[in-house]
>>> print(open('input28.txt').read())   # compact mmCIF, C-alpha atoms
# COMPACT_ATOMS: atom_id res chain seq x y z
CA MET A 21 13.68 5.97 17.77
CA VAL A 22 10.04 5.41 16.85
CA TRP A 23 9.73 8.99 15.65
CA ASP A 24 12.89 8.69 13.52
CA TYR A 25 11.55 5.59 11.78
CA ALA A 26 8.14 7.18 11.29
CA THR A 27 9.77 10.27 9.77
CA ALA A 28 11.79 8.09 7.40
CA ILE A 29 8.61 6.32 6.29
CA LEU A 30 6.75 9.56 5.61
CA THR A 31 9.77 11.08 3.85
CA ALA A 32 9.63 8.19 1.39
CA GLY A 33 6.14 9.41 0.49
CA SER A 34 7.72 11.63 -2.19
CA THR A 35 8.98 8.51 -3.96
CA THR A 36 5.57 6.87 -3.72
CA LEU A 37 3.92 10.00 -5.13
CA LEU A 38 6.47 10.18 -7.96
CA VAL A 39 5.71 6.61 -8.99
CA ALA A 40 1.95 7.10 -8.61
CA VAL A 41 1.69 10.35 -10.60
CA SER A 42 4.10 9.19 -13.32
CA SER A 43 2.22 5.91 -13.66
CA LEU A 44 -1.06 7.83 -13.89
CA ILE A 45 0.30 9.89 -16.80
CA VAL A 46 1.44 6.75 -18.63
CA ALA A 47 -1.88 5.01 -17.91
CA THR A 48 -3.90 8.00 -19.12
CA LEU A 49 -1.99 8.25 -22.41
CA LEU A 50 -2.20 4.50 -23.01
CA GLY A 51 -5.86 4.43 -22.03
CA LEU A 52 -6.77 7.25 -24.42
CA ALA A 53 -4.84 5.67 -27.28
CA ALA A 54 -6.37 2.24 -26.71
CA ALA A 55 -9.87 3.68 -26.28
CA PHE A 56 -9.67 5.48 -29.63
CA ALA A 57 -8.22 2.30 -31.15
CA LYS A 58 -11.18 0.26 -29.87
CA LEU A 59 -13.61 2.74 -31.42
CA SER A 60 -11.70 3.18 -34.67
CA GLY A 61 -12.75 1.85 -38.04
CA SER A 62 -9.63 -0.32 -38.25
CA ALA A 63 -10.21 -3.95 -37.33
CA ALA A 64 -6.48 -4.40 -36.69
CA LEU A 65 -6.40 -1.54 -34.18
CA ARG A 66 -9.51 -2.84 -32.45
CA ARG A 67 -8.01 -6.32 -32.14
CA CYS A 68 -4.69 -4.98 -30.81
CA ALA A 69 -6.42 -2.81 -28.21
CA GLY A 70 -8.73 -5.67 -27.23
CA ALA A 71 -5.79 -8.05 -26.83
CA TYR A 72 -3.93 -5.49 -24.71
CA THR A 73 -6.79 -4.97 -22.26
CA PHE A 74 -7.67 -8.68 -22.12
CA ILE A 75 -4.11 -9.86 -21.44
CA VAL A 76 -3.19 -7.16 -18.91
CA ARG A 77 -6.42 -7.42 -16.94
CA GLY A 78 -6.12 -11.21 -16.91
CA ILE A 79 -2.69 -11.35 -15.24
CA PRO A 80 -2.14 -10.44 -11.55
CA ASP A 81 -0.42 -7.09 -11.05
CA LEU A 82 2.44 -8.62 -9.05
CA VAL A 83 3.17 -11.16 -11.80
CA VAL A 84 3.34 -8.38 -14.41
CA MET A 85 5.70 -6.38 -12.22
CA LEU A 86 8.05 -9.31 -11.66
CA LEU A 87 7.99 -10.13 -15.38
CA VAL A 88 8.94 -6.55 -16.28
CA TYR A 89 11.62 -6.12 -13.61
CA TYR A 90 13.28 -9.54 -13.68
CA SER A 91 12.25 -11.51 -16.76
CA LEU A 92 12.17 -8.83 -19.46
CA PRO A 93 15.76 -7.57 -18.88
CA ALA A 94 17.00 -11.18 -18.79
CA LEU A 95 15.23 -11.91 -22.08
CA LEU A 96 16.58 -8.76 -23.73
CA ASN A 97 20.11 -9.49 -22.51
CA GLN A 98 19.94 -13.00 -23.95
CA GLY A 99 19.01 -11.54 -27.31
CA ILE A 100 21.80 -8.96 -27.09
CA GLU A 101 24.35 -11.67 -26.26
CA ALA A 102 23.15 -13.75 -29.19
CA LEU A 103 23.79 -10.75 -31.47
CA GLY A 104 27.29 -10.37 -30.00
CA TRP A 105 26.76 -6.85 -28.71
CA ASP A 106 28.64 -5.56 -25.66
CA LEU A 107 25.61 -4.20 -23.86
CA ARG A 108 23.60 -5.06 -20.77
CA ILE A 109 20.12 -3.82 -19.91
CA GLU A 110 18.87 -3.33 -16.36
CA PHE A 111 15.70 -1.60 -15.20
CA SER A 112 15.68 0.56 -12.08
CA PRO A 113 12.88 -0.13 -9.58
CA VAL A 114 11.43 3.32 -10.27
CA ALA A 115 11.35 2.85 -14.05
CA ALA A 116 10.02 -0.70 -13.78
CA GLY A 117 7.36 0.36 -11.29
CA ILE A 118 6.17 3.31 -13.38
CA ALA A 119 6.12 1.30 -16.60
CA THR A 120 4.34 -1.66 -15.02
CA LEU A 121 1.66 0.31 -13.20
CA GLY A 122 1.20 2.52 -16.26
CA VAL A 123 0.62 -0.47 -18.52
CA ILE A 124 -1.66 -2.22 -16.00
CA PHE A 125 -3.88 0.75 -15.29
CA GLY A 126 -3.78 1.86 -18.90
CA ALA A 127 -5.93 -1.20 -19.58
CA TYR A 128 -8.49 -0.10 -16.99
CA MET A 129 -8.37 3.50 -18.19
CA THR A 130 -9.11 2.22 -21.69
CA GLU A 131 -12.54 0.99 -20.66
CA THR A 132 -13.20 4.19 -18.70
CA PHE A 133 -12.36 6.43 -21.66
CA LYS A 134 -14.10 4.17 -24.16
CA THR A 135 -17.38 4.35 -22.22
CA ALA A 136 -17.05 8.13 -21.87
CA LEU A 137 -16.41 8.57 -25.60
CA GLN A 138 -19.42 6.43 -26.46
CA ASN A 139 -21.62 8.63 -24.26
CA ILE A 140 -20.68 11.88 -26.00
CA SER A 141 -23.64 13.10 -28.03
CA LYS A 142 -23.19 12.23 -31.71
CA GLY A 143 -25.34 15.22 -32.58
CA GLN A 144 -22.68 17.57 -31.23
CA ILE A 145 -20.01 15.84 -33.29
CA GLU A 146 -22.15 16.13 -36.42
CA ALA A 147 -22.80 19.80 -35.69
CA ALA A 148 -19.06 20.43 -35.28
CA VAL A 149 -18.38 18.73 -38.61
CA ALA A 150 -21.13 20.80 -40.24
CA TYR A 151 -19.49 23.98 -38.93
CA GLY A 152 -16.24 22.90 -40.52
CA LEU A 153 -14.19 22.40 -37.37
CA THR A 154 -10.97 20.47 -37.84
CA LYS A 155 -10.55 17.20 -35.97
CA GLN A 156 -8.07 18.82 -33.59
CA ARG A 157 -10.37 21.75 -32.72
CA MET A 158 -13.37 19.45 -32.46
CA PHE A 159 -11.52 17.26 -29.99
CA VAL A 160 -10.28 20.17 -27.86
CA ARG A 161 -13.49 22.24 -27.92
CA ILE A 162 -16.23 19.60 -28.05
CA MET A 163 -15.00 16.17 -27.06
CA LEU A 164 -12.32 16.79 -24.41
CA PRO A 165 -14.46 18.74 -21.88
CA GLN A 166 -17.21 16.11 -22.09
CA LEU A 167 -14.71 13.27 -22.01
CA ILE A 168 -13.23 14.63 -18.78
CA ARG A 169 -16.65 15.09 -17.18
CA LEU A 170 -17.92 11.65 -18.16
CA ALA A 171 -14.67 9.82 -17.34
CA LEU A 172 -13.95 11.46 -13.98
CA PRO A 173 -15.85 8.93 -11.78
CA GLY A 174 -14.06 5.95 -13.33
CA PHE A 175 -10.79 7.89 -13.51
CA THR A 176 -11.05 8.64 -9.79
CA ASN A 177 -11.57 4.97 -8.91
CA ASN A 178 -8.65 3.91 -11.09
CA TRP A 179 -6.38 6.55 -9.56
CA LEU A 180 -7.23 5.48 -6.01
CA VAL A 181 -6.49 1.83 -6.81
CA LEU A 182 -3.29 2.81 -8.63
CA ALA A 183 -2.09 4.95 -5.71
CA LYS A 184 -2.54 2.03 -3.32
CA GLY A 185 -1.03 -0.34 -5.89
CA THR A 186 2.30 1.49 -5.63
CA ALA A 187 2.90 -0.58 -2.50
CA LEU A 188 3.76 -3.47 -4.83
CA VAL A 189 6.86 -1.63 -6.03
CA SER A 190 8.47 -2.16 -2.63
CA LEU A 191 8.78 -5.84 -3.56
CA ILE A 192 11.35 -5.01 -6.25
CA GLY A 193 13.47 -2.88 -3.90
CA LEU A 194 12.12 0.63 -4.32
CA GLN A 195 12.67 2.74 -1.20
CA ASP A 196 9.05 3.81 -0.91
CA VAL A 197 6.64 4.08 2.03
CA MET A 198 5.99 0.34 2.26
CA PHE A 199 9.68 -0.58 1.92
CA ARG A 200 10.61 1.78 4.77
CA ALA A 201 7.67 0.57 6.90
CA LYS A 202 8.74 -3.05 6.43
CA GLY A 203 12.33 -2.20 7.36
CA ALA A 204 11.22 -0.30 10.48
CA ALA A 205 8.89 -3.13 11.53
CA GLU A 206 11.64 -5.72 11.21
CA ALA A 207 14.25 -3.55 12.98
CA THR A 208 12.05 -2.72 15.98
CA ALA A 209 9.68 -5.70 16.19
CA MET A 210 6.84 -3.15 16.13
CA PRO A 211 4.99 -4.03 12.92
CA PHE A 212 1.63 -2.64 14.00
CA THR A 213 3.06 0.81 14.71
CA PHE A 214 4.92 1.29 11.46
CA TYR A 215 2.45 -0.39 9.14
CA LEU A 216 -0.15 1.89 10.75
CA VAL A 217 2.01 4.88 9.74
CA ALA A 218 2.05 3.58 6.17
CA ALA A 219 -1.71 3.03 6.28
CA ALA A 220 -2.20 6.61 7.50
CA PHE A 221 -0.13 7.93 4.59
CA PHE A 222 -2.27 6.12 2.03
CA LEU A 223 -5.46 7.14 3.80
CA VAL A 224 -4.46 10.82 3.69
CA LEU A 225 -3.52 10.46 0.03
CA THR A 226 -6.93 8.95 -0.66
CA LEU A 227 -8.79 11.72 1.17
CA VAL A 228 -6.84 14.49 -0.58
CA SER A 229 -7.34 12.82 -3.97
CA ILE A 230 -11.08 12.45 -3.46
CA GLY A 231 -11.34 16.10 -2.39
CA LEU A 232 -9.41 17.43 -5.39
CA LEU A 233 -11.16 15.22 -7.93
CA SER A 234 -14.55 16.09 -6.45
CA LEU A 235 -13.73 19.78 -7.00
CA ALA A 236 -12.75 18.99 -10.58
CA SER A 237 -16.00 17.07 -11.09
CA ARG A 238 -18.07 19.99 -9.84
CA ARG A 239 -16.11 22.35 -12.08
CA PHE A 240 -16.88 20.32 -15.20
CA ASP A 241 -20.52 19.82 -14.16
CA VAL A 242 -21.21 23.56 -14.01
CA GLY A 243 -22.64 23.77 -17.52
CA ILE A 244 -24.82 20.71 -17.01
CA ARG A 245 -26.25 22.10 -13.78
CA LYS A 246 -27.03 25.41 -15.49
CA LEU A 247 -28.88 23.69 -18.33
CA SER A 248 -30.94 21.56 -15.93
CA SER A 249 -31.87 24.48 -13.66
>>> encode(input="input28.txt", output="structure tokens")
Amino acid sequence: MVWDYATAILTAGSTTLLVAVSSLIVATLLGLAAAFAKLSGSAALRRCAGAYTFIVRGIPDLVVMLLVYYSLPALLNQGIEALGWDLRIEFSPVAAGIATLGVIFGAYMTETFKTALQNISKGQIEAAVAYGLTKQRMFVRIMLPQLIRLALPGFTNNWLVLAKGTALVSLIGLQDVMFRAKGAAEATAMPFTFYLVAAAFFLVLTLVSIGLLSLASRRFDVGIRKLSS
């Protein structure tokens, strides 16, 4: 019986990984957009990006998730009813979890990418402009490789916190690792055993993530090491 419950918990790891990776993609895209907005010449864009990061980082993650899953659909449905439309909006736990974690960690990614962009040598940008590179080619050839290298430490920290933060999604009914562990603990009165299985899953995920991102960091540091040697 214990093995069956443990297997069910670990099988739910695919759902946890789906939410984590999807949220990371959303957070990365939002973070890049907001970082460029904060460094843009438009005061309106800078204010919008600043308000986004300030508000999101100032509200607890669980509160944001409950607002998105419960309050936002209710608010939208009230507006739809007022317009007389025959429509009802409901968010699935997966969609709500991905959107919420993506928005939350997009705010943290913003600061990571902003700092990385500010540390890219302006001389290289000026040289690229002098050579007549388009903005797209300059970003891909000059800025992106350095952005990745400079942002990787902060990106790694944000990813590790995000991966562990997926446990919050169990509170809105998603059948993930934590949801299955809670169910097994309640059914067997063996909370230590099954929460330990969940802890082991997240620990392995952390170790694998650190290993892969460390390899990526060394890959992007190759040119720097050659120049310094």
>>> residues_around(input="input28.txt", residues="segment 188-191 of chain A", least_positions_apart="2", cutoff="12 Å", atoms="all atoms listed in the file", output="number ranges by chain")
A: 32, 35-36, 38-40, 43, 80-86, 88-90, 112-121, 181-186, 193-203
>>> atom_distance(input="input28.txt", atom1="atom CA of Leu65 of chain A", atom2="atom CA of Pro93 of chain A")
27.6 Å
>>> atom_distance(input="input28.txt", atom1="atom CA of Leu137 of chain A", atom2="atom CA of Leu37 of chain A")
28.9 Å
>>> closest_residue(input="input28.txt", among="A:Ile192, A:Leu59, A:Val76, A:Ala136", to="Met163 of chain A", atoms="only C-alpha atoms")
A:Ala136
>>> residues_around(input="input28.txt", residues="segment 225-231 of chain A", least_positions_apart="3", cutoff="12 Å", atoms="only C-alpha atoms", output="JSON, numbers by chain")
{"A": [30, 33, 34, 36, 37, 40, 41, 172, 173, 175, 176, 177, 178, 179, 180, 181, 182, 183, 184, 218, 219, 220, 221, 222, 234, 235, 236, 237, 238]}
>>> closest_residue(input="input28.txt", among="A:Phe212, A:Phe159, A:Phe56, A:Trp105", to="Thr135 of chain A", atoms="only C-alpha atoms")
A:Phe56
>>> atom_distance(input="input28.txt", atom1="atom CA of Glu131 of chain A", atom2="atom CA of Gly51 of chain A")
7.6 Å
>>> residues_near_point(input="input28.txt", point="(-4.6, -2.1, -29.0)", cutoff="9 Å", atoms="all atoms listed in the file", output="compact mmCIF listing (two decimals) with C-alpha atoms, in the frame of the given file")
# COMPACT_ATOMS: atom_id res chain seq x y z
CA ALA A 53 -4.84 5.67 -27.28
CA ALA A 54 -6.37 2.24 -26.71
CA ALA A 55 -9.87 3.68 -26.28
CA ALA A 57 -8.22 2.30 -31.15
CA LYS A 58 -11.18 0.26 -29.87
CA ALA A 64 -6.48 -4.40 -36.69
CA LEU A 65 -6.40 -1.54 -34.18
CA ARG A 66 -9.51 -2.84 -32.45
CA ARG A 67 -8.01 -6.32 -32.14
CA CYS A 68 -4.69 -4.98 -30.81
CA ALA A 69 -6.42 -2.81 -28.21
CA GLY A 70 -8.73 -5.67 -27.23
CA ALA A 71 -5.79 -8.05 -26.83
CA TYR A 72 -3.93 -5.49 -24.71
CA THR A 73 -6.79 -4.97 -22.26
>>> residues_near_point(input="input28.txt", point="(11.1, 5.1, 17.4)", cutoff="12 Å", atoms="only C-alpha atoms", output="compact mmCIF listing (two decimals) with C-alpha atoms, keeping the file's coordinate frame")
# COMPACT_ATOMS: atom_id res chain seq x y z
CA MET A 21 13.68 5.97 17.77
CA VAL A 22 10.04 5.41 16.85
CA TRP A 23 9.73 8.99 15.65
CA ASP A 24 12.89 8.69 13.52
CA TYR A 25 11.55 5.59 11.78
CA ALA A 26 8.14 7.18 11.29
CA THR A 27 9.77 10.27 9.77
CA ALA A 28 11.79 8.09 7.40
CA ILE A 29 8.61 6.32 6.29
CA ALA A 201 7.67 0.57 6.90
CA ALA A 204 11.22 -0.30 10.48
CA ALA A 205 8.89 -3.13 11.53
CA ALA A 207 14.25 -3.55 12.98
CA THR A 208 12.05 -2.72 15.98
CA ALA A 209 9.68 -5.70 16.19
CA MET A 210 6.84 -3.15 16.13
CA PRO A 211 4.99 -4.03 12.92
CA THR A 213 3.06 0.81 14.71
CA PHE A 214 4.92 1.29 11.46
CA VAL A 217 2.01 4.88 9.74
>>> closest_residue(input="input28.txt", among="A:Gly61, A:Ile75, A:Leu216, A:Ile140", to="Ile124 of chain A", atoms="all atoms listed in the file")
A:Ile75
>>> closest_residue(input="input28.txt", among="A:Leu223, A:Ile145, A:Leu49, A:Ile168", to="Arg239 of chain A", atoms="all atoms listed in the file")
A:Ile168
>>> build_atoms(input="input28.txt", residues="segment 164-175 of chain A", atoms="all heavy atoms", output="PDB file, in the coordinates of the input")
ATOM      1  N   LEU A 164     -13.152  16.876 -25.620  1.00  0.00           N
ATOM      2  CA  LEU A 164     -12.320  16.790 -24.410  1.00  0.00           C
ATOM      3  C   LEU A 164     -13.050  17.210 -23.142  1.00  0.00           C
ATOM      4  O   LEU A 164     -12.992  16.489 -22.136  1.00  0.00           O
ATOM      5  CB  LEU A 164     -11.032  17.591 -24.598  1.00  0.00           C
ATOM      6  CG  LEU A 164     -10.011  17.481 -23.463  1.00  0.00           C
ATOM      7  CD1 LEU A 164      -9.605  16.028 -23.257  1.00  0.00           C
ATOM      8  CD2 LEU A 164      -8.787  18.343 -23.758  1.00  0.00           C
ATOM      9  N   PRO A 165     -13.752  18.368 -23.126  1.00  0.00           N
ATOM     10  CA  PRO A 165     -14.460  18.740 -21.880  1.00  0.00           C
ATOM     11  C   PRO A 165     -15.492  17.693 -21.449  1.00  0.00           C
ATOM     12  O   PRO A 165     -15.618  17.406 -20.258  1.00  0.00           O
ATOM     13  CB  PRO A 165     -15.128  20.068 -22.256  1.00  0.00           C
ATOM     14  CG  PRO A 165     -14.312  20.610 -23.380  1.00  0.00           C
ATOM     15  CD  PRO A 165     -13.875  19.419 -24.159  1.00  0.00           C
ATOM     16  N   GLN A 166     -16.214  17.129 -22.426  1.00  0.00           N
ATOM     17  CA  GLN A 166     -17.210  16.110 -22.090  1.00  0.00           C
ATOM     18  C   GLN A 166     -16.546  14.796 -21.692  1.00  0.00           C
ATOM     19  O   GLN A 166     -17.040  14.087 -20.810  1.00  0.00           O
ATOM     20  CB  GLN A 166     -18.147  15.890 -23.266  1.00  0.00           C
ATOM     21  CG  GLN A 166     -18.967  17.118 -23.611  1.00  0.00           C
ATOM     22  CD  GLN A 166     -19.960  16.840 -24.714  1.00  0.00           C
ATOM     23  OE1 GLN A 166     -20.986  16.206 -24.489  1.00  0.00           O
ATOM     24  NE2 GLN A 166     -19.644  17.296 -25.918  1.00  0.00           N
ATOM     25  N   LEU A 167     -15.445  14.484 -22.354  1.00  0.00           N
ATOM     26  CA  LEU A 167     -14.710  13.270 -22.010  1.00  0.00           C
ATOM     27  C   LEU A 167     -14.237  13.330 -20.560  1.00  0.00           C
ATOM     28  O   LEU A 167     -14.362  12.356 -19.804  1.00  0.00           O
ATOM     29  CB  LEU A 167     -13.517  13.106 -22.947  1.00  0.00           C
ATOM     30  CG  LEU A 167     -12.538  11.967 -22.633  1.00  0.00           C
ATOM     31  CD1 LEU A 167     -13.233  10.615 -22.725  1.00  0.00           C
ATOM     32  CD2 LEU A 167     -11.343  12.012 -23.578  1.00  0.00           C
ATOM     33  N   ILE A 168     -13.706  14.487 -20.162  1.00  0.00           N
ATOM     34  CA  ILE A 168     -13.230  14.630 -18.780  1.00  0.00           C
ATOM     35  C   ILE A 168     -14.389  14.465 -17.802  1.00  0.00           C
ATOM     36  O   ILE A 168     -14.281  13.748 -16.804  1.00  0.00           O
ATOM     37  CB  ILE A 168     -12.549  16.001 -18.597  1.00  0.00           C
ATOM     38  CG1 ILE A 168     -11.263  16.069 -19.427  1.00  0.00           C
ATOM     39  CG2 ILE A 168     -12.233  16.250 -17.123  1.00  0.00           C
ATOM     40  CD1 ILE A 168     -10.607  17.437 -19.444  1.00  0.00           C
ATOM     41  N   ARG A 169     -15.504  15.147 -18.096  1.00  0.00           N
ATOM     42  CA  ARG A 169     -16.650  15.090 -17.180  1.00  0.00           C
ATOM     43  C   ARG A 169     -17.193  13.669 -17.052  1.00  0.00           C
ATOM     44  O   ARG A 169     -17.460  13.194 -15.940  1.00  0.00           O
ATOM     45  CB  ARG A 169     -17.761  16.023 -17.678  1.00  0.00           C
ATOM     46  CG  ARG A 169     -19.019  16.022 -16.808  1.00  0.00           C
ATOM     47  CD  ARG A 169     -20.049  16.992 -17.334  1.00  0.00           C
ATOM     48  NE  ARG A 169     -20.503  16.636 -18.661  1.00  0.00           N
ATOM     49  CZ  ARG A 169     -21.455  15.733 -18.905  1.00  0.00           C
ATOM     50  NH1 ARG A 169     -22.026  15.080 -17.900  1.00  0.00           N
ATOM     51  NH2 ARG A 169     -21.825  15.463 -20.136  1.00  0.00           N
ATOM     52  N   LEU A 170     -17.333  12.985 -18.174  1.00  0.00           N
ATOM     53  CA  LEU A 170     -17.920  11.650 -18.160  1.00  0.00           C
ATOM     54  C   LEU A 170     -16.959  10.596 -17.589  1.00  0.00           C
ATOM     55  O   LEU A 170     -17.396   9.598 -17.003  1.00  0.00           O
ATOM     56  CB  LEU A 170     -18.336  11.245 -19.575  1.00  0.00           C
ATOM     57  CG  LEU A 170     -19.477  12.066 -20.189  1.00  0.00           C
ATOM     58  CD1 LEU A 170     -19.610  11.765 -21.677  1.00  0.00           C
ATOM     59  CD2 LEU A 170     -20.788  11.761 -19.462  1.00  0.00           C
ATOM     60  N   ALA A 171     -15.651  10.819 -17.773  1.00  0.00           N
ATOM     61  CA  ALA A 171     -14.670   9.820 -17.340  1.00  0.00           C
ATOM     62  C   ALA A 171     -14.217  10.002 -15.899  1.00  0.00           C
ATOM     63  O   ALA A 171     -13.621   9.086 -15.328  1.00  0.00           O
ATOM     64  CB  ALA A 171     -13.448   9.852 -18.265  1.00  0.00           C
ATOM     65  N   LEU A 172     -14.496  11.168 -15.310  1.00  0.00           N
ATOM     66  CA  LEU A 172     -13.950  11.460 -13.980  1.00  0.00           C
ATOM     67  C   LEU A 172     -14.314  10.424 -12.905  1.00  0.00           C
ATOM     68  O   LEU A 172     -13.452  10.052 -12.106  1.00  0.00           O
ATOM     69  CB  LEU A 172     -14.380  12.856 -13.520  1.00  0.00           C
ATOM     70  CG  LEU A 172     -13.331  13.955 -13.701  1.00  0.00           C
ATOM     71  CD1 LEU A 172     -13.891  15.314 -13.301  1.00  0.00           C
ATOM     72  CD2 LEU A 172     -12.071  13.649 -12.914  1.00  0.00           C
ATOM     73  N   PRO A 173     -15.553   9.932 -12.818  1.00  0.00           N
ATOM     74  CA  PRO A 173     -15.850   8.930 -11.780  1.00  0.00           C
ATOM     75  C   PRO A 173     -14.981   7.674 -11.909  1.00  0.00           C
ATOM     76  O   PRO A 173     -14.385   7.214 -10.929  1.00  0.00           O
ATOM     77  CB  PRO A 173     -17.327   8.619 -12.001  1.00  0.00           C
ATOM     78  CG  PRO A 173     -17.874   9.851 -12.639  1.00  0.00           C
ATOM     79  CD  PRO A 173     -16.775  10.355 -13.519  1.00  0.00           C
ATOM     80  N   GLY A 174     -14.893   7.130 -13.123  1.00  0.00           N
ATOM     81  CA  GLY A 174     -14.060   5.950 -13.330  1.00  0.00           C
ATOM     82  C   GLY A 174     -12.587   6.261 -13.176  1.00  0.00           C
ATOM     83  O   GLY A 174     -11.812   5.453 -12.648  1.00  0.00           O
ATOM     84  N   PHE A 175     -12.179   7.446 -13.647  1.00  0.00           N
ATOM     85  CA  PHE A 175     -10.790   7.890 -13.510  1.00  0.00           C
ATOM     86  C   PHE A 175     -10.405   7.980 -12.045  1.00  0.00           C
ATOM     87  O   PHE A 175      -9.308   7.553 -11.643  1.00  0.00           O
ATOM     88  CB  PHE A 175     -10.637   9.250 -14.187  1.00  0.00           C
ATOM     89  CG  PHE A 175      -9.245   9.812 -14.149  1.00  0.00           C
ATOM     90  CD1 PHE A 175      -8.350   9.553 -15.166  1.00  0.00           C
ATOM     91  CD2 PHE A 175      -8.839  10.625 -13.086  1.00  0.00           C
ATOM     92  CE1 PHE A 175      -7.058  10.088 -15.123  1.00  0.00           C
ATOM     93  CE2 PHE A 175      -7.564  11.154 -13.045  1.00  0.00           C
ATOM     94  CZ  PHE A 175      -6.670  10.891 -14.074  1.00  0.00           C
TER      95      PHE A 175
END
